[in-house]
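Peer 1: Take this structure, written in structure tokens, and hold onto it; I'll ask about it next.
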Amino acid sequence: MNKDYLELSGLTVSFDGFVAVDGVDLTVLQGDLRFLIGPNGAGKTTLIDAVSGLVSATGRAEFAGEDLLGRKVHQIARRGVGRTFQTATVFEELSVLQNLDIAAGAGRSPWTLLRKRSGVPEAVTEAMETVGLADLRDTKAGILAHGQKQWLEIGMLLVQDARLLMLDEPVAGMSAEEKDETGRLLRRICVDRTVVVVEHDMDFMRSFAKSVTVLHAGKVLSEGTVAEVQADPKVQEVYLGPGQHSAEEAAIVLGEGV
Amino acid sequence: MTALLRSRYAVGIGFLVAAVLLFAVAPALLTTFRLGLLGKYLCYAMVAVGIGLAWGRGGMLTLGQGVFFGIGAYLMAMHLKLADAGPGGVPDFMALISSDGVPGWWEPFRSGAVTIVAILVLPTLLATLLGLATFRRRVRGAYFAILSQALAAAFAILLIGNPTATGGSTGLNNFKGFFGFSLRDPANRQMLYFIAAGVLLLMVFVAWRLMVSRFGELLVACRDAEERVRFLGYDPATIKTVAFAVAGMMAGIGGALFVPIVGIISPNDVGVVPSIGLLIGVAIGGRTTLAGPVLGAIAVAWAETTLSEQFPSGWTYAQGLLFMLVVAFLPGGLASLVSWRRRRSDTADPTAGADPEPAPAEVLAPAEGRTT
Ligand SMILES: Nc1ncnc2c1ncn2[C@@H]1O[C@H](COP(=O)(O)OP(=O)(O)O)[C@@H](O)[C@H]1O
Ligand SMILES: [Mg+2]
């Protein structure tokens with residue numbers, strides 16, 4: 001088995017006594033495209049924050065055999081962990097090319113940094129092709145469309161050489177075509193990477209997820225394939241309220257195939 | 001003219017024009033006295049180049065550049081006083097107020113070489129330590145501004161509180177020579193002006209190279225989305241500290257040249273008010289641009305001299321008003337007027353966006369209109 005996998009055990013984050021992530025055990029293998037779903041406030045974003053070093057956590061979080069907890073954000077990033085945010089954050093005053101070039105350069109020597117870029121690094125060209133922004137390389141990121149900004153962010157993770165990608169609601173606010181485009185992009189890049197996607201959009205999840213983890217009140221509620229998760233009564237209860245539910249009801253919220 | 005501004009030779013042409021103005025036109029037109037005043041403005045402009053880098057490109061609103069300026073200036077002034085007093089001698093102002101002789105920590109600055117090294121190293125070092133201490137703790141924005149301002153205030157108080165060592169509120173003045181050249185000789189005073197002009201051009205060149213380098217792009221990235229930079233595997237504290245240290249060094253050199261050119265350095269030149277005055281020039285000129293801070297600082301200093309000759313107390317108000325107008329209506333400074341015209345001509349030119357290398361004019365005015 002490839003060593004590039006994410007393993008969380010007993011991961012716990014609390015804010016002044018409030019436990020936002022509560023003893024989560026989670027393993028995501030390379031090549032997986034894991035969707036992390038759950039109601040608002042379930043702790044999905046906080047879980048990503050903990051793994052990427054933004055908030056401190058207890059328990060264990062390992063990627064590719066390396067301990068992540070207790071390290072600084074930029075040190076975790078250098079171990080191949082990349083993430084995006086709920087609201088796309090790109091460097092608005094810089095061009096697409098400059099954004100990607102910065103993402104590619106964390107290992108650059110001071111001497112290289114102090115000189116002007118001569119030519120475009122191969123990884124940057126590749127990423128621009130992959131995320132479909134090659135025609136916009138000299139456009140300022142600030143004037144890109146919403147969807148294009150998200151793709152640029154994914155492109156930045158690719159050139160950053162992130163082997164674990166955690167995307168927080170990447171298709172929020174996208175049009176149907178943009179969502180499809182993004183889904184296909186995720187399918188392409190997950191082949192040799194470990195990808196975790198936080199998403200609210202159930203249609204999107206059904207179309208592209210390879211596996212799903214449902215988080216509720218900081219705990220893992222259910223895990224499996226899309227069909228398994230949809231059929232899980234505990235999941236239906238969280239999404240639909242307690243009691244028995246008809247297949248139609250479940251289908252409305254959780255989608256067809258229940 | 002617009003075509004010229006857009007061309008990739010724009011920066012080179014800009015340097016050429018500036019060199020002709022500074023080295024040929026100004027000395028030919030100005031009296032020795034006015035040339036000395038211009039020299040003083042050039043020293044302010046050196047500080048402004050650094051502020052442009054730290055604040056305009058790096059987002060560090062520093063209200064305390066007077067500290068680095070002051071350290072450079074006082075180091076130079078100490079050396080000049082000691083050199084005037086001769087080997088083993090005691091500077092005139094010290095002999096007047098105390099009989100303890102020269103304080104031990106003054107002694108190393110009898111050597112010109114030690115002084116020059118100290119001028120280059122001490123402000124840079126202080127800025128580095130300060131940068132690491134604050135940026136690592138994620139102190140930024142208004143907090144950083146207040147901190148740097150407090151530092152400037154403390155520095156001025158320290159100077160005033162030690163009259164035997166620093167000349168107190170009078171400061172250090174009445175210098176006779178500069179590394180063996182008499183400061184009374186107009187030819188030597190002109191030489192000082194030329195040195196200042198040359199050093200300023202060199203600094204602008206350095207700032208330009210930094211701006212177009214990858215480091216420059218990274219600095220802008222830190223300014224606009226520091227958190228994001230962190231998640232890419234960089235430590236923004238280091239990047240910002242480098243820019244802040246360069247700004248501190250430039251301010252120190254500006255201060256050191258200010259002393260022989262102006263002939264006096266006092267706490268009034270290094271405290272809170274002059275620190276903010278420098279910032280205003282940068283804001284008015286256009287802080288994110290290459291030429292903006294320099295032109296703004298020179299213009300504000302010139303206006304200050306001219307207006308305060310006529311309306312002694314009016315200047316402070318005029319300066320404040322100007323600052324507010326620029327911040328409210330022209331956040332990119334006067335430089336944004338140039339790029340605004342350029343953008344309008346861009347819309348008429350469909351090939352403009354396809355330029356593979358950023359045109360140098362882009363470097364001159366790349367980020368107009370930002371308010372944070
Ligand atoms: N910095 C914080 N301080 C206190 N509470 C927080 C903080 N961040 C998140 N929370 C709380 O933790 C819970 C989980 O939040 P979050 O991870 O953002 O949920 P999700 O992304 O699943 O919608 C919420 O109840 C939220 O209010
Ligand atoms: Mg969230």
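Ligands are numbered from 1 in the order shown, chains are lettered A, B, ... in the order of the structure tokens, and residues start at 1 in each chain.
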Mind listing the residues within 7 Å of ligand 2, only C-alpha atoms and all ligand atoms counted, as a list in words?
Peer 2: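 The residues near ligand 2 are Asn40, Gly41, Lys44, Thr45, Gln86 and Asp168 of chain A.
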Peer 1: Those same residues - all heavy atoms - I'd like them written as a PDB file, in the first residue's frame.
Peer 2:
ATOM      1  N   ASN A  40     -24.428  22.073   8.876  1.00  0.00           N
ATOM      2  CA  ASN A  40     -23.654  23.249   9.273  1.00  0.00           C
ATOM      3  C   ASN A  40     -23.204  23.133  10.723  1.00  0.00           C
ATOM      4  O   ASN A  40     -23.972  22.728  11.574  1.00  0.00           O
ATOM      5  CB  ASN A  40     -24.507  24.509   9.137  1.00  0.00           C
ATOM      6  CG  ASN A  40     -24.105  25.284   7.912  1.00  0.00           C
ATOM      7  OD1 ASN A  40     -22.926  25.289   7.549  1.00  0.00           O
ATOM      8  ND2 ASN A  40     -25.074  25.908   7.265  1.00  0.00           N
ATOM      9  N   GLY A  41     -21.966  23.480  10.984  1.00  0.00           N
ATOM     10  CA  GLY A  41     -21.470  23.433  12.351  1.00  0.00           C
ATOM     11  C   GLY A  41     -21.043  22.051  12.795  1.00  0.00           C
ATOM     12  O   GLY A  41     -20.728  21.832  13.964  1.00  0.00           O
ATOM     13  N   LYS A  44     -16.623  20.278  10.042  1.00  0.00           N
ATOM     14  CA  LYS A  44     -15.871  19.899   8.845  1.00  0.00           C
ATOM     15  C   LYS A  44     -14.693  20.853   8.614  1.00  0.00           C
ATOM     16  O   LYS A  44     -13.551  20.420   8.427  1.00  0.00           O
ATOM     17  CB  LYS A  44     -16.799  19.905   7.624  1.00  0.00           C
ATOM     18  CG  LYS A  44     -18.051  19.064   7.806  1.00  0.00           C
ATOM     19  CD  LYS A  44     -18.962  19.107   6.599  1.00  0.00           C
ATOM     20  CE  LYS A  44     -19.546  20.477   6.289  1.00  0.00           C
ATOM     21  NZ  LYS A  44     -20.580  20.951   7.227  1.00  0.00           N
ATOM     22  N   THR A  45     -15.000  22.147   8.648  1.00  0.00           N
ATOM     23  CA  THR A  45     -13.941  23.123   8.433  1.00  0.00           C
ATOM     24  C   THR A  45     -12.905  23.045   9.553  1.00  0.00           C
ATOM     25  O   THR A  45     -11.697  23.105   9.304  1.00  0.00           O
ATOM     26  CB  THR A  45     -14.542  24.545   8.360  1.00  0.00           C
ATOM     27  OG1 THR A  45     -15.448  24.600   7.256  1.00  0.00           O
ATOM     28  CG2 THR A  45     -13.468  25.588   8.183  1.00  0.00           C
ATOM     29  N   GLN A  86     -13.095  28.174   2.340  1.00  0.00           N
ATOM     30  CA  GLN A  86     -14.485  28.295   1.922  1.00  0.00           C
ATOM     31  C   GLN A  86     -14.675  29.447   0.947  1.00  0.00           C
ATOM     32  O   GLN A  86     -15.404  29.338  -0.014  1.00  0.00           O
ATOM     33  CB  GLN A  86     -15.369  28.481   3.155  1.00  0.00           C
ATOM     34  CG  GLN A  86     -16.335  27.330   3.356  1.00  0.00           C
ATOM     35  CD  GLN A  86     -16.907  27.319   4.751  1.00  0.00           C
ATOM     36  OE1 GLN A  86     -16.208  27.048   5.719  1.00  0.00           O
ATOM     37  NE2 GLN A  86     -18.174  27.616   4.865  1.00  0.00           N
ATOM     38  N   ASP A 168     -12.269  23.041   0.857  1.00  0.00           N
ATOM     39  CA  ASP A 168     -13.437  23.402   1.656  1.00  0.00           C
ATOM     40  C   ASP A 168     -14.492  24.031   0.756  1.00  0.00           C
ATOM     41  O   ASP A 168     -14.335  25.164   0.308  1.00  0.00           O
ATOM     42  CB  ASP A 168     -13.019  24.361   2.778  1.00  0.00           C
ATOM     43  CG  ASP A 168     -14.016  24.345   3.935  1.00  0.00           C
ATOM     44  OD1 ASP A 168     -15.092  23.739   3.773  1.00  0.00           O
ATOM     45  OD2 ASP A 168     -13.710  24.935   4.985  1.00  0.00           O
TER      46      ASP A 168
END
Peer 1: Using only C-alpha atoms and all ligand atoms, what are the residues with an atom within 12 Å of ligand 1, set out as an MDAnalysis selection string?
Peer 2: chainID A and resid 12:22 36:50 54:56 85:86 167:169 197:200 214:220
Peer 1: Could you give me, as a list in words, the residues within 8 Å of region 90-92 of chain B, counting only C-alpha atoms and dropping anything in the same chain fewer than 6 positions from it?
Peer 2: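 That gives Lys81, Leu82, Asp84, Gly101 and Val102 of chain B.
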Peer 1: If you measure from CA of Gly198 (chain B) to CA of Lys240 (chain B), what distance in Å do you get, rounded to one decimal?
Peer 2: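 The value is 26.8 Å.
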Peer 1: DSSP on the backbone, then: every residue of region 72-238 of chain B marked alpha helix (DSSP H), written as a ChimeraX atom specification.
Peer 2: /B:72-85,92-97,112-136,141-161,163-166,186-212,214-231,236-238
Peer 1: At a cut-off of 7 Å, can you tabulate as a tab-separated table every residue of chain B near chain A together with its closest atom pair and the distance in Å to one decimal, using only C-alpha atoms and ordering rows by chain then number?
Peer 2:
residue	atom	partner	partner_atom	distance
B:Leu210	CA	A:Leu114	CA	6.5
B:Val212	CA	A:Lys116	CA	5.9
B:Ser213	CA	A:Lys116	CA	4.0
B:Arg214	CA	A:Leu113	CA	5.0
B:Phe215	CA	A:Leu113	CA	5.0
B:Leu218	CA	A:Ile102	CA	6.5
B:Ala221	CA	A:Phe91	CA	5.6
B:Asp224	CA	A:Phe91	CA	6.4
B:Ala225	CA	A:Phe91	CA	6.5
B:Arg228	CA	A:Thr89	CA	6.8
B:Arg230	CA	A:His74	CA	5.0
B:Phe231	CA	A:His74	CA	5.7
B:Leu232	CA	A:Ala103	CA	5.7
B:Gly233	CA	A:His74	CA	4.0
B:Tyr234	CA	A:His74	CA	5.5
B:Asp235	CA	A:His74	CA	6.1
B:Ala367	CA	A:Glu93	CA	6.7
Peer 1: Write out, as a tab-separated table (two decimals), in the first residue's frame, the residues just selected, with all heavy atoms.
Peer 2:
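In the end it all went to again.tsv:
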chain	number	residue	atom	x	y	z
B	210	LEU	N	14.02	44.63	-6.60
B	210	LEU	CA	13.26	43.84	-5.63
B	210	LEU	C	11.80	43.70	-6.05
B	210	LEU	O	11.18	42.65	-5.91
B	210	LEU	CB	13.33	44.49	-4.25
B	210	LEU	CG	14.65	44.30	-3.48
B	210	LEU	CD1	14.60	45.03	-2.15
B	210	LEU	CD2	14.93	42.82	-3.25
B	212	VAL	N	10.46	43.70	-9.05
B	212	VAL	CA	10.19	42.80	-10.17
B	212	VAL	C	10.69	41.39	-9.90
B	212	VAL	O	10.45	40.48	-10.68
B	212	VAL	CB	10.82	43.32	-11.49
B	212	VAL	CG1	10.20	44.64	-11.87
B	212	VAL	CG2	12.32	43.43	-11.38
B	213	SER	N	11.36	41.20	-8.78
B	213	SER	CA	11.86	39.86	-8.47
B	213	SER	C	10.73	38.99	-7.94
B	213	SER	O	9.64	39.46	-7.65
B	213	SER	CB	12.96	39.93	-7.42
B	213	SER	OG	12.39	40.23	-6.15
B	214	ARG	N	11.01	37.71	-7.79
B	214	ARG	CA	10.02	36.81	-7.20
B	214	ARG	C	9.73	37.21	-5.77
B	214	ARG	O	8.61	37.09	-5.28
B	214	ARG	CB	10.55	35.37	-7.24
B	214	ARG	CG	10.36	34.76	-8.59
B	214	ARG	CD	10.96	33.39	-8.60
B	214	ARG	NE	10.28	32.54	-9.55
B	214	ARG	CZ	10.91	31.70	-10.37
B	214	ARG	NH1	12.21	31.60	-10.34
B	214	ARG	NH2	10.22	30.96	-11.19
B	215	PHE	N	10.77	37.70	-5.11
B	215	PHE	CA	10.57	38.18	-3.74
B	215	PHE	C	9.52	39.28	-3.72
B	215	PHE	O	8.65	39.33	-2.84
B	215	PHE	CB	11.90	38.68	-3.16
B	215	PHE	CG	11.76	39.40	-1.86
B	215	PHE	CD1	11.66	38.68	-0.68
B	215	PHE	CD2	11.70	40.79	-1.80
B	215	PHE	CE1	11.51	39.33	0.53
B	215	PHE	CE2	11.57	41.44	-0.61
B	215	PHE	CZ	11.46	40.71	0.56
B	218	LEU	N	6.13	37.92	-3.99
B	218	LEU	CA	5.79	37.24	-2.73
B	218	LEU	C	5.39	38.26	-1.66
B	218	LEU	O	4.48	38.04	-0.86
B	218	LEU	CB	7.01	36.45	-2.28
B	218	LEU	CG	6.86	35.32	-1.30
B	218	LEU	CD1	5.76	34.38	-1.72
B	218	LEU	CD2	8.18	34.58	-1.20
B	221	ALA	N	2.01	39.34	-2.25
B	221	ALA	CA	1.12	38.25	-1.83
B	221	ALA	C	0.93	38.29	-0.31
B	221	ALA	O	-0.18	38.11	0.19
B	221	ALA	CB	1.69	36.91	-2.27
B	224	ASP	N	-1.46	41.09	0.64
B	224	ASP	CA	-2.87	40.92	0.31
B	224	ASP	C	-3.51	39.71	0.96
B	224	ASP	O	-4.71	39.70	1.18
B	224	ASP	CB	-3.03	40.83	-1.21
B	224	ASP	CG	-2.66	42.15	-1.88
B	224	ASP	OD1	-2.56	43.16	-1.16
B	224	ASP	OD2	-2.46	42.17	-3.10
B	225	ALA	N	-2.75	38.66	1.22
B	225	ALA	CA	-3.35	37.45	1.81
B	225	ALA	C	-2.27	36.67	2.55
B	225	ALA	O	-1.81	35.63	2.09
B	225	ALA	CB	-4.00	36.60	0.72
B	228	ARG	N	-2.79	32.95	3.30
B	228	ARG	CA	-2.68	32.06	2.14
B	228	ARG	C	-1.21	31.72	1.87
B	228	ARG	O	-0.89	30.59	1.49
B	228	ARG	CB	-3.31	32.74	0.93
B	228	ARG	CG	-3.52	31.82	-0.26
B	228	ARG	CD	-4.63	30.85	0.03
B	228	ARG	NE	-4.77	29.85	-1.04
B	228	ARG	CZ	-4.04	28.75	-1.13
B	228	ARG	NH1	-3.09	28.51	-0.24
B	228	ARG	NH2	-4.22	27.89	-2.11
B	230	ARG	N	1.15	31.49	3.97
B	230	ARG	CA	1.54	30.49	4.96
B	230	ARG	C	1.18	29.08	4.50
B	230	ARG	O	1.97	28.15	4.63
B	230	ARG	CB	0.80	30.81	6.26
B	230	ARG	CG	1.62	30.79	7.51
B	230	ARG	CD	0.72	31.02	8.70
B	230	ARG	NE	0.40	32.42	8.93
B	230	ARG	CZ	1.27	33.30	9.39
B	230	ARG	NH1	2.48	32.92	9.66
B	230	ARG	NH2	0.92	34.55	9.57
B	231	PHE	N	-0.02	28.93	3.95
B	231	PHE	CA	-0.47	27.61	3.54
B	231	PHE	C	0.24	27.11	2.30
B	231	PHE	O	0.07	25.97	1.90
B	231	PHE	CB	-2.00	27.60	3.32
B	231	PHE	CG	-2.76	27.56	4.61
B	231	PHE	CD1	-3.32	28.71	5.14
B	231	PHE	CD2	-2.86	26.38	5.32
B	231	PHE	CE1	-4.00	28.67	6.34
B	231	PHE	CE2	-3.52	26.34	6.52
B	231	PHE	CZ	-4.10	27.48	7.04
B	232	LEU	N	1.02	27.99	1.67
B	232	LEU	CA	1.82	27.54	0.54
B	232	LEU	C	3.20	27.09	1.00
B	232	LEU	O	4.03	26.70	0.19
B	232	LEU	CB	1.95	28.66	-0.49
B	232	LEU	CG	0.64	29.01	-1.19
B	232	LEU	CD1	0.82	30.23	-2.08
B	232	LEU	CD2	0.13	27.84	-2.01
B	233	GLY	N	3.47	27.19	2.29
B	233	GLY	CA	4.73	26.68	2.79
B	233	GLY	C	5.78	27.75	3.06
B	233	GLY	O	6.93	27.43	3.32
B	234	TYR	N	5.40	29.02	2.99
B	234	TYR	CA	6.34	30.09	3.32
B	234	TYR	C	6.07	30.60	4.73
B	234	TYR	O	4.94	30.51	5.22
B	234	TYR	CB	6.17	31.29	2.39
B	234	TYR	CG	6.40	31.05	0.93
B	234	TYR	CD1	5.35	30.74	0.09
B	234	TYR	CD2	7.66	31.20	0.38
B	234	TYR	CE1	5.55	30.56	-1.27
B	234	TYR	CE2	7.88	31.02	-0.98
B	234	TYR	CZ	6.82	30.70	-1.80
B	234	TYR	OH	7.02	30.55	-3.14
B	235	ASP	N	7.08	31.20	5.33
B	235	ASP	CA	6.87	31.91	6.58
B	235	ASP	C	6.82	33.41	6.27
B	235	ASP	O	7.85	34.02	6.02
B	235	ASP	CB	8.00	31.62	7.56
B	235	ASP	CG	7.72	32.22	8.92
B	235	ASP	OD1	6.69	32.89	9.07
B	235	ASP	OD2	8.54	32.02	9.83
B	367	ALA	N	-0.58	48.77	-8.57
B	367	ALA	CA	-1.66	48.41	-7.65
B	367	ALA	C	-2.46	49.62	-7.22
B	367	ALA	O	-2.66	49.87	-6.05
B	367	ALA	CB	-1.08	47.70	-6.44
Peer 1: Name the residues in contact with Gly141 (chain B) at a cut-off of 12 Å, using only C-alpha atoms, excluding same-chain residues fewer than 2 positions from it; report them as a ChimeraX atom specification.
Peer 2: /B:55,58-63,134-135,138-139,143-148,223-224,226,372
Peer 1: Please produce a file of the residues just selected, as an mmCIF file, in the first residue's frame, where the atoms kept are N, CA, C and O atoms.
Peer 2:
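Result file part07.cif:
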data_model
loop_
_atom_site.group_PDB
_atom_site.id
_atom_site.type_symbol
_atom_site.label_atom_id
_atom_site.label_comp_id
_atom_site.auth_asym_id
_atom_site.auth_seq_id
_atom_site.Cartn_x
_atom_site.Cartn_y
_atom_site.Cartn_z
ATOM 1 N N TRP B 55 5.684 49.511 3.206
ATOM 2 C CA TRP B 55 4.252 49.798 3.341
ATOM 3 C C TRP B 55 3.514 49.545 2.030
ATOM 4 O O TRP B 55 2.529 48.802 1.984
ATOM 5 N N GLY B 58 4.638 45.836 0.958
ATOM 6 C CA GLY B 58 4.541 44.809 1.989
ATOM 7 C C GLY B 58 3.408 45.013 2.976
ATOM 8 O O GLY B 58 3.178 44.166 3.834
ATOM 9 N N GLY B 59 2.712 46.163 2.894
ATOM 10 C CA GLY B 59 1.579 46.397 3.775
ATOM 11 C C GLY B 59 1.929 46.695 5.223
ATOM 12 O O GLY B 59 1.058 46.699 6.078
ATOM 13 N N MET B 60 3.217 46.943 5.506
ATOM 14 C CA MET B 60 3.588 47.257 6.889
ATOM 15 C C MET B 60 3.539 48.774 7.078
ATOM 16 O O MET B 60 4.424 49.483 6.611
ATOM 17 N N LEU B 61 2.517 49.225 7.747
ATOM 18 C CA LEU B 61 2.348 50.664 7.938
ATOM 19 C C LEU B 61 3.295 51.110 9.044
ATOM 20 O O LEU B 61 2.985 51.029 10.225
ATOM 21 N N THR B 62 4.461 51.583 8.655
ATOM 22 C CA THR B 62 5.462 51.934 9.660
ATOM 23 C C THR B 62 5.468 53.433 9.923
ATOM 24 O O THR B 62 5.714 54.235 9.026
ATOM 25 N N LEU B 63 5.144 53.780 11.138
ATOM 26 C CA LEU B 63 5.125 55.192 11.532
ATOM 27 C C LEU B 63 6.392 55.538 12.304
ATOM 28 O O LEU B 63 6.466 56.567 12.944
ATOM 29 N N THR B 134 7.857 41.133 15.967
ATOM 30 C CA THR B 134 6.449 41.493 15.775
ATOM 31 C C THR B 134 5.761 40.596 14.742
ATOM 32 O O THR B 134 4.678 40.081 14.991
ATOM 33 N N PHE B 135 6.392 40.372 13.595
ATOM 34 C CA PHE B 135 5.706 39.629 12.535
ATOM 35 C C PHE B 135 5.515 38.167 12.925
ATOM 36 O O PHE B 135 4.552 37.534 12.508
ATOM 37 N N ARG B 138 2.505 37.803 14.633
ATOM 38 C CA ARG B 138 1.388 38.232 13.785
ATOM 39 C C ARG B 138 0.842 39.593 14.203
ATOM 40 O O ARG B 138 -0.354 39.835 14.125
ATOM 41 N N VAL B 139 1.735 40.450 14.688
ATOM 42 C CA VAL B 139 1.333 41.834 14.935
ATOM 43 C C VAL B 139 1.313 42.527 13.588
ATOM 44 O O VAL B 139 2.293 42.497 12.862
ATOM 45 N N TYR B 143 -1.985 47.735 14.784
ATOM 46 C CA TYR B 143 -1.163 47.425 15.960
ATOM 47 C C TYR B 143 0.309 47.658 15.658
ATOM 48 O O TYR B 143 1.044 48.216 16.452
ATOM 49 N N PHE B 144 0.709 47.232 14.479
ATOM 50 C CA PHE B 144 2.093 47.448 14.088
ATOM 51 C C PHE B 144 2.372 48.941 13.961
ATOM 52 O O PHE B 144 3.416 49.432 14.388
ATOM 53 N N ALA B 145 1.416 49.674 13.384
ATOM 54 C CA ALA B 145 1.587 51.113 13.208
ATOM 55 C C ALA B 145 1.788 51.797 14.560
ATOM 56 O O ALA B 145 2.706 52.609 14.741
ATOM 57 N N ILE B 146 0.951 51.441 15.523
ATOM 58 C CA ILE B 146 1.043 52.069 16.843
ATOM 59 C C ILE B 146 2.364 51.706 17.520
ATOM 60 O O ILE B 146 3.045 52.548 18.099
ATOM 61 N N LEU B 147 2.737 50.437 17.387
ATOM 62 C CA LEU B 147 3.992 49.993 17.985
ATOM 63 C C LEU B 147 5.180 50.778 17.426
ATOM 64 O O LEU B 147 6.042 51.255 18.166
ATOM 65 N N SER B 148 5.211 50.928 16.099
ATOM 66 C CA SER B 148 6.350 51.618 15.495
ATOM 67 C C SER B 148 6.342 53.093 15.886
ATOM 68 O O SER B 148 7.399 53.695 16.088
ATOM 69 N N ARG B 223 1.168 40.908 1.558
ATOM 70 C CA ARG B 223 0.375 42.089 1.874
ATOM 71 C C ARG B 223 -1.109 41.792 1.714
ATOM 72 O O ARG B 223 -1.925 42.156 2.556
ATOM 73 N N ASP B 224 -1.461 41.086 0.638
ATOM 74 C CA ASP B 224 -2.868 40.922 0.305
ATOM 75 C C ASP B 224 -3.514 39.708 0.959
ATOM 76 O O ASP B 224 -4.712 39.704 1.183
ATOM 77 N N GLU B 226 -1.873 37.203 3.672
ATOM 78 C CA GLU B 226 -0.750 36.625 4.411
ATOM 79 C C GLU B 226 -1.010 35.162 4.774
ATOM 80 O O GLU B 226 -0.121 34.311 4.666
ATOM 81 N N THR B 372 -6.233 49.228 1.742
ATOM 82 C CA THR B 372 -5.781 48.636 3.001
ATOM 83 C C THR B 372 -4.289 48.692 3.137
ATOM 84 O O THR B 372 -3.588 48.697 2.160
#
Peer 1: Which residues are close to Leu37 (chain B), i.e. within 8 Å by only C-alpha atoms, leaving aside same-chain residues fewer than 4 positions away? Reply as number ranges by chain.
Peer 2: B: 33, 41, 262
Peer 1: Mind dumping the selected residues with all heavy atoms as a compact mmCIF listing (two decimals), in the first residue's frame?
Peer 2:
# COMPACT_ATOMS: atom_id res chain seq x y z
N PHE B 33 22.77 77.23 -1.77
CA PHE B 33 21.82 77.06 -0.68
C PHE B 33 20.65 76.18 -1.10
O PHE B 33 20.29 75.22 -0.42
CB PHE B 33 21.31 78.44 -0.22
CG PHE B 33 20.18 78.35 0.76
CD1 PHE B 33 20.39 77.91 2.06
CD2 PHE B 33 18.88 78.71 0.38
CE1 PHE B 33 19.34 77.82 2.96
CE2 PHE B 33 17.83 78.63 1.27
CZ PHE B 33 18.06 78.18 2.56
N TYR B 41 16.08 67.09 0.79
CA TYR B 41 14.88 66.37 0.34
C TYR B 41 15.24 64.98 -0.18
O TYR B 41 14.48 64.03 -0.01
CB TYR B 41 14.16 67.14 -0.77
CG TYR B 41 13.82 68.57 -0.46
CD1 TYR B 41 13.61 69.50 -1.48
CD2 TYR B 41 13.71 69.01 0.86
CE1 TYR B 41 13.30 70.81 -1.20
CE2 TYR B 41 13.41 70.33 1.15
CZ TYR B 41 13.22 71.24 0.12
OH TYR B 41 12.93 72.53 0.38
N VAL B 262 22.64 68.94 6.03
CA VAL B 262 21.81 69.92 6.72
C VAL B 262 22.59 70.62 7.84
O VAL B 262 22.32 71.76 8.18
CB VAL B 262 20.53 69.25 7.26
CG1 VAL B 262 19.66 70.23 8.01
CG2 VAL B 262 19.76 68.62 6.12
Peer 1: Between B:Leu38, B:Val20, B:Leu130, B:Val206, which one has atoms that come closest to Tyr193 (chain B), using only C-alpha atoms?
Peer 2: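 Among the listed residues, the smallest separation from Tyr193 (chain B) belongs to B:Leu38.
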Peer 1: Could you name the residues that touch region 267-279 of chain B at 6 Å or less, counting only C-alpha atoms, but leaving out those on the same chain fewer than 3 positions away, as an NGL selection string?
Peer 2: :B and (63-66 or 70 or 152-153 or 156 or 169 or 282)
Peer 1: Just the residues within 12 Å of Val131 (chain A), please, counting only C-alpha atoms, with nothing from its chain fewer than 6 positions along; format it as a ChimeraX atom specification.
Peer 2: /A:96,100,124-125,137,147-159,178,181-186,188-189
Peer 1: Provide the CA of Leu164 (chain A) to CA of Thr130 (chain A) distance in Å, to one decimal place.
Peer 2: 17.3 Å
